[in-house]
$ cat final-v7.txt   # compact mmCIF, C-alpha atoms
# COMPACT_ATOMS: atom_id res chain seq x y z
CA MET Z 1 7.83 29.86 -73.60
CA LEU Z 2 9.46 29.90 -77.00
CA SER Z 3 6.16 30.89 -78.58
CA LEU Z 4 5.98 33.92 -76.29
CA LEU Z 5 9.50 34.96 -77.28
CA ALA Z 6 8.85 34.36 -80.98
CA HIS Z 7 5.92 36.82 -81.00
CA GLY Z 8 8.26 39.65 -79.99
CA SER Z 9 6.41 40.56 -76.83
CA ALA Z 10 7.82 43.49 -74.88
CA ALA Z 11 7.35 41.61 -71.61
CA PRO Z 12 7.66 37.84 -72.20
CA THR Z 13 8.59 37.21 -68.57
CA ALA Z 14 5.43 38.87 -67.30
CA GLN Z 15 3.32 36.92 -69.78
CA LEU Z 16 5.08 33.71 -68.87
CA ALA Z 17 4.48 34.31 -65.17
CA ALA Z 18 0.81 35.05 -65.83
CA VAL Z 19 0.34 31.99 -68.04
CA HIS Z 20 2.05 29.68 -65.54
CA ALA Z 21 0.95 31.28 -62.28
CA ASP Z 22 -0.01 27.85 -60.93
CA GLY Z 23 3.70 26.91 -60.75
CA SER Z 24 3.58 24.46 -63.63
CA GLY Z 25 5.25 24.48 -66.97
CA ASP Z 26 8.00 26.56 -68.44
CA PHE Z 27 8.24 29.30 -65.82
CA ALA Z 28 9.22 26.90 -63.04
CA VAL Z 29 11.73 25.19 -65.33
CA VAL Z 30 13.29 28.48 -66.43
CA PHE Z 31 13.42 29.85 -62.88
CA ASN Z 32 15.01 26.68 -61.47
CA THR Z 33 17.52 26.54 -64.32
CA VAL Z 34 18.53 30.18 -63.95
CA LEU Z 35 18.87 29.76 -60.18
CA VAL Z 36 21.00 26.62 -60.33
CA VAL Z 37 23.13 27.81 -63.24
CA GLY Z 38 23.70 31.12 -61.42
CA ILE Z 39 24.87 29.34 -58.28
CA THR Z 40 27.08 26.99 -60.30
CA VAL Z 41 28.68 29.79 -62.32
CA GLY Z 42 29.27 31.81 -59.15
CA VAL Z 43 30.93 28.87 -57.44
CA LEU Z 44 33.06 28.05 -60.49
CA VAL Z 45 34.24 31.65 -60.90
CA THR Z 46 35.40 31.69 -57.30
CA GLN Z 47 37.56 28.64 -58.05
CA PHE Z 48 39.97 30.90 -59.94
CA THR Z 49 40.16 33.81 -57.51
CA ALA Z 50 42.16 33.86 -54.31
CA ARG Z 51 39.67 32.88 -51.59
CA GLU Z 52 39.86 31.86 -47.99
CA VAL Z 53 39.19 28.18 -47.33
CA ARG Z 54 36.23 28.30 -44.96
CA PRO Z 55 33.11 26.30 -44.14
CA ARG Z 56 30.74 28.76 -45.86
CA MET Z 57 31.36 26.94 -49.16
CA TYR Z 58 29.48 23.92 -47.79
CA PHE Z 59 26.25 25.94 -47.94
CA TRP Z 60 26.47 26.36 -51.73
CA CYS Z 61 27.42 22.73 -52.19
CA ALA Z 62 24.44 21.66 -50.10
CA LEU Z 63 22.12 23.80 -52.26
CA LEU Z 64 23.34 22.05 -55.41
CA VAL Z 65 22.99 18.61 -53.82
CA ALA Z 66 19.48 19.45 -52.58
CA ARG Z 67 18.47 20.72 -56.03
CA GLY Z 68 19.80 17.53 -57.58
CA CYS Z 69 17.52 15.48 -55.33
CA VAL Z 70 14.33 17.44 -56.08
CA PRO Z 71 11.68 15.22 -57.71
CA PRO Z 72 11.80 13.50 -60.10
CA GLY Z 73 15.26 12.89 -58.62
CA PRO Z 74 18.65 12.39 -60.20
CA SER Z 75 17.83 9.10 -61.98
CA GLU Z 76 15.13 6.61 -62.86
CA ALA Z 77 14.53 3.92 -60.24
CA THR Z 78 15.95 1.19 -62.45
CA LYS Z 79 19.09 -0.93 -62.17
CA GLY Z 80 20.66 0.94 -65.08
CA GLY Z 81 19.62 4.36 -63.76
CA ILE Z 82 20.95 3.74 -60.25
CA GLY Z 83 24.11 2.04 -61.57
CA PHE Z 84 25.00 4.94 -63.87
CA LEU Z 85 24.16 7.46 -61.14
CA VAL Z 86 26.59 5.72 -58.77
CA LEU Z 87 29.25 5.67 -61.51
CA ALA Z 88 28.71 9.37 -62.25
CA LEU Z 89 28.92 10.26 -58.55
CA ALA Z 90 32.14 8.23 -58.24
CA VAL Z 91 33.53 10.33 -61.12
CA SER Z 92 32.47 13.47 -59.23
CA VAL Z 93 34.21 12.29 -56.06
CA LEU Z 94 37.41 11.42 -57.95
CA PHE Z 95 37.62 14.78 -59.73
CA GLY Z 96 36.77 16.70 -56.54
CA ALA Z 97 39.72 15.07 -54.79
CA LEU Z 98 42.03 15.71 -57.76
CA ARG Z 99 41.04 19.38 -57.98
CA ALA Z 100 41.65 19.84 -54.26
CA ARG Z 101 45.19 18.52 -54.74
CA SER Z 102 45.74 20.77 -57.76
CA MET Z 103 44.93 24.05 -56.02
CA PRO Z 104 47.85 26.02 -54.64
CA MET Z 105 47.25 27.00 -51.01
CA TRP Z 106 49.01 29.41 -48.67
CA ARG Z 107 48.49 31.37 -45.49
CA ASP Z 108 48.25 35.13 -45.47
CA THR Z 109 50.03 37.14 -42.79
CA ALA Z 110 46.93 36.92 -40.58
CA GLY Z 111 47.07 33.10 -40.70
CA LYS Z 112 44.05 32.59 -42.98
CA VAL Z 113 44.33 29.74 -45.46
CA ILE Z 114 43.93 30.95 -49.04
CA ARG Z 115 43.51 28.91 -52.22
CA LYS Z 116 43.35 29.78 -55.89
CA GLY Z 117 42.88 27.42 -58.80
CA GLY Z 118 45.14 27.65 -61.82
CA MET Z 119 45.35 26.05 -65.25
CA GLY Z 120 45.48 22.55 -63.79
CA THR Z 121 42.29 23.22 -61.87
CA MET Z 122 40.63 24.56 -65.01
CA TRP Z 123 41.53 21.45 -67.00
CA LEU Z 124 40.25 19.24 -64.19
CA TRP Z 125 36.96 21.19 -64.16
CA LEU Z 126 36.59 20.69 -67.90
CA ALA Z 127 37.38 16.99 -67.47
CA THR Z 128 34.84 16.74 -64.62
CA ILE Z 129 32.04 18.22 -66.70
CA ALA Z 130 33.01 16.21 -69.80
CA ALA Z 131 33.18 12.94 -67.84
CA ARG Z 132 29.77 13.60 -66.27
CA LEU Z 133 28.25 14.29 -69.68
CA VAL Z 134 29.89 11.21 -71.20
CA VAL Z 135 28.57 8.96 -68.41
CA GLY Z 136 25.08 10.44 -68.91
CA ALA Z 137 25.27 9.93 -72.68
CA ILE Z 138 26.45 6.33 -72.29
CA ALA Z 139 23.60 5.67 -69.87
CA HIS Z 140 21.16 7.12 -72.36
CA VAL Z 141 22.50 5.16 -75.32
CA THR Z 142 22.96 1.81 -73.58
CA THR Z 143 19.96 1.68 -71.24
CA GLY Z 144 17.59 4.31 -72.63
CA GLU Z 145 17.84 6.34 -69.44
CA PRO Z 146 16.64 9.89 -70.04
CA ILE Z 147 19.15 12.73 -69.83
CA ASN Z 148 18.54 14.07 -66.33
CA VAL Z 149 19.75 17.55 -65.40
CA ASN Z 150 19.13 16.81 -61.71
CA ALA Z 151 21.96 14.26 -61.86
CA LEU Z 152 24.27 16.98 -63.18
CA TRP Z 153 23.40 19.35 -60.31
CA LEU Z 154 23.79 16.54 -57.78
CA GLY Z 155 27.18 15.69 -59.28
CA MET Z 156 28.31 19.32 -59.18
CA GLY Z 157 27.33 19.55 -55.52
CA VAL Z 158 29.09 16.29 -54.65
CA THR Z 159 32.29 17.19 -56.50
CA LEU Z 160 32.42 20.58 -54.77
CA LEU Z 161 31.73 18.99 -51.36
CA VAL Z 162 34.59 16.53 -51.85
CA GLN Z 163 36.90 19.30 -53.08
CA GLN Z 164 36.07 21.48 -50.09
CA TYR Z 165 36.54 18.56 -47.70
CA PHE Z 166 40.03 17.80 -49.04
CA LEU Z 167 40.98 21.47 -49.11
CA GLY Z 168 40.01 21.62 -45.45
CA LEU Z 169 42.16 18.57 -44.67
CA ARG Z 170 45.11 20.12 -46.48
CA ALA Z 171 44.61 23.37 -44.59
CA LYS Z 172 44.69 21.61 -41.21
CA GLY Z 173 47.32 18.99 -41.87
CA SER Z 174 50.16 20.82 -43.54
CA THR Z 175 52.49 23.69 -43.13
CA LEU Z 176 51.64 26.16 -45.84
CA PRO Z 177 53.87 28.96 -47.06
CA VAL Z 178 53.05 32.48 -45.85
CA ARG Z 179 52.48 35.12 -48.50
CA GLU Z 180 52.05 38.84 -48.16
CA PRO Z 181 48.84 40.17 -49.68
CA ALA Z 182 49.36 41.79 -53.07
CA ALA Z 183 49.88 45.52 -52.72
CA PRO Z 184 48.11 47.91 -55.09
CA ALA Z 185 50.28 49.40 -57.83
CA PRO Z 186 51.94 52.66 -56.73
CA GLY Z 187 50.94 55.95 -58.29
CA PRO Z 188 47.69 57.57 -59.29
CA ARG Z 189 45.12 55.62 -61.28
CA THR Z 190 44.58 56.85 -64.77
CA SER Z 191 42.06 55.83 -67.37
CA GLU Z 192 42.99 55.74 -70.99
$ encode --input "final-v7.txt" --output "structure tokens"
Amino acid sequence: MLSLLAHGSAAPTAQLAAVHADGSGDFAVVFNTVLVVGITVGVLVTQFTAREVRPRMYFWCALLVARGCVPPGPSEATKGGIGFLVLALAVSVLFGALRARSMPMWRDTAGKVIRKGGMGTMWLWLATIAARLVVGAIAHVTTGEPINVNALWLGMGVTLLVQQYFLGLRAKGSTLPVREPAAPAPGPRTSE
């Protein structure tokens, strides 16, 4: 793929698709990466906007988990590979639960449960990603396990599933404050 881009082709994507029409090689890797990164970025951005807590989020989590399990799988079938995968998933579970506790939640006047992550949630996201990368690096250095992106996607899916689960428990089991929706600023809109 890089050779196609280096030659300054006007349509590297079309050439790449033609070269790898059999589904092998760089095109499949690039497509899968763009798809999974797009889903992950979309999910992360919504962490910091006021959103209703609802079951639809489980769909996106399930997609990330499923992608993490696509062959060759999230780890090598060795004691070290499985052990570090379990450790990394435990880290994902822990940070998912912590982020769920860090998110302010309230009910709107219609009774819908709303959540919005703040600075604490952001720092916990950064810690989640850093911890996952550190566990992967330690596994690589100590056991020679290859760096496996599938494990990262699986971990992202698991951490989001756990977060959503605990947000749902908080929504059902507590009395949340009621907030009025934010009103638009009065007056005409002007552009400067």
$ atom_distance --input "final-v7.txt" --atom1 "atom CA of Z:Leu64" --atom2 "atom CA of Z:Leu161"
9.8 Å
$ closest_residue --input "final-v7.txt" --among "Z:Ile82, Z:Leu167, Z:Leu124, Z:Leu133" --to "Z:Met57" --atoms "all atoms listed in the file"
Z:Leu167
$ atom_distance --input "final-v7.txt" --atom1 "atom CA of Z:Thr128" --atom2 "atom CA of Z:Val91"
7.4 Å
$ closest_residue --input "final-v7.txt" --among "Z:Gly83, Z:Gly111, Z:Gly38, Z:Gly144" --to "Z:Ala171" --atoms "all atoms listed in the file"
Z:Gly111
$ atom_distance --input "final-v7.txt" --atom1 "atom CA of Z:Thr40" --atom2 "atom CA of Z:Gly117"
15.9 Å
$ closest_residue --input "final-v7.txt" --among "Z:Gly81, Z:Ala100, Z:Leu94, Z:Cys69" --to "Z:Met122" --atoms "all atoms listed in the file"
Z:Ala100
$ residues_around --input "final-v7.txt" --residues "Z:Pro104" --least-positions-apart "6" --cutoff "12 Å" --atoms "all atoms listed in the file" --output "JSON, numbers by chain"
{"Z": [47, 48, 49, 50, 51, 52, 53, 113, 114, 115, 116, 117, 118, 119, 120, 121, 167, 170, 171, 176, 177, 179]}
$ residues_around --input "final-v7.txt" --residues "Z:Arg132" --least-positions-apart "5" --cutoff "8 Å" --atoms "only C-alpha atoms" --output "list in words"
Ala88, Val91, Ser92, Leu152 and Gly155 of chain Z
$ closest_residue --input "final-v7.txt" --among "Z:Gly68, Z:Gly42, Z:Gly96, Z:Gly80" --to "Z:Gln164" --atoms "only C-alpha atoms"
Z:Gly96
$ closest_residue --input "final-v7.txt" --among "Z:Phe166, Z:Trp106, Z:Phe31, Z:Trp153" --to "Z:Cys61" --atoms "only C-alpha atoms"
Z:Trp153
$ closest_residue --input "final-v7.txt" --among "Z:Ala151, Z:Leu98, Z:Lys79, Z:Met105" --to "Z:Val135" --atoms "all atoms listed in the file"
Z:Ala151
$ axis_aligned_box --input "final-v7.txt" --around "stretch 144-163 of chain Z" --padding-each-side "6 Å" --output "lines of an AutoDock Vina configuration file"
center_x = 26.8
center_y = 12.4
center_z = -62.0
size_x = 32.3
size_y = 28.3
size_z = 33.3
$ build_atoms --input "final-v7.txt" --residues "stretch 112-126 of chain Z" --atoms "N, CA and C atoms" --output "CSV table (one decimal), keeping the file's coordinate frame"
chain,number,residue,atom,x,y,z
Z,112,LYS,N,45.2,33.2,-42.2
Z,112,LYS,CA,44.0,32.6,-43.0
Z,112,LYS,C,44.6,31.8,-44.1
Z,113,VAL,N,43.9,30.6,-44.4
Z,113,VAL,CA,44.3,29.7,-45.5
Z,113,VAL,C,43.6,30.2,-46.7
Z,114,ILE,N,44.4,30.4,-47.8
Z,114,ILE,CA,43.9,31.0,-49.0
Z,114,ILE,C,44.2,29.9,-50.1
Z,115,ARG,N,43.3,29.8,-51.1
Z,115,ARG,CA,43.5,28.9,-52.2
Z,115,ARG,C,43.1,29.6,-53.5
Z,116,LYS,N,43.7,29.2,-54.6
Z,116,LYS,CA,43.4,29.8,-55.9
Z,116,LYS,C,43.7,28.8,-57.0
Z,117,GLY,N,42.7,28.4,-57.7
Z,117,GLY,CA,42.9,27.4,-58.8
Z,117,GLY,C,43.6,28.0,-60.0
Z,118,GLY,N,44.4,27.2,-60.7
Z,118,GLY,CA,45.1,27.6,-61.8
Z,118,GLY,C,44.7,26.9,-63.1
Z,119,MET,N,45.6,26.7,-64.0
Z,119,MET,CA,45.4,26.0,-65.2
Z,119,MET,C,45.0,24.6,-65.0
Z,120,GLY,N,45.8,23.9,-64.1
Z,120,GLY,CA,45.5,22.6,-63.8
Z,120,GLY,C,44.1,22.4,-63.3
Z,121,THR,N,43.7,23.3,-62.4
Z,121,THR,CA,42.3,23.2,-61.9
Z,121,THR,C,41.3,23.4,-63.0
Z,122,MET,N,41.6,24.3,-63.9
Z,122,MET,CA,40.6,24.6,-65.0
Z,122,MET,C,40.5,23.3,-65.9
Z,123,TRP,N,41.6,22.7,-66.2
Z,123,TRP,CA,41.5,21.4,-67.0
Z,123,TRP,C,40.8,20.3,-66.3
Z,124,LEU,N,41.0,20.3,-65.0
Z,124,LEU,CA,40.2,19.2,-64.2
Z,124,LEU,C,38.8,19.6,-64.1
Z,125,TRP,N,38.4,20.8,-64.1
Z,125,TRP,CA,37.0,21.2,-64.2
Z,125,TRP,C,36.4,20.8,-65.5
Z,126,LEU,N,37.1,21.1,-66.6
Z,126,LEU,CA,36.6,20.7,-67.9
Z,126,LEU,C,36.5,19.2,-68.0
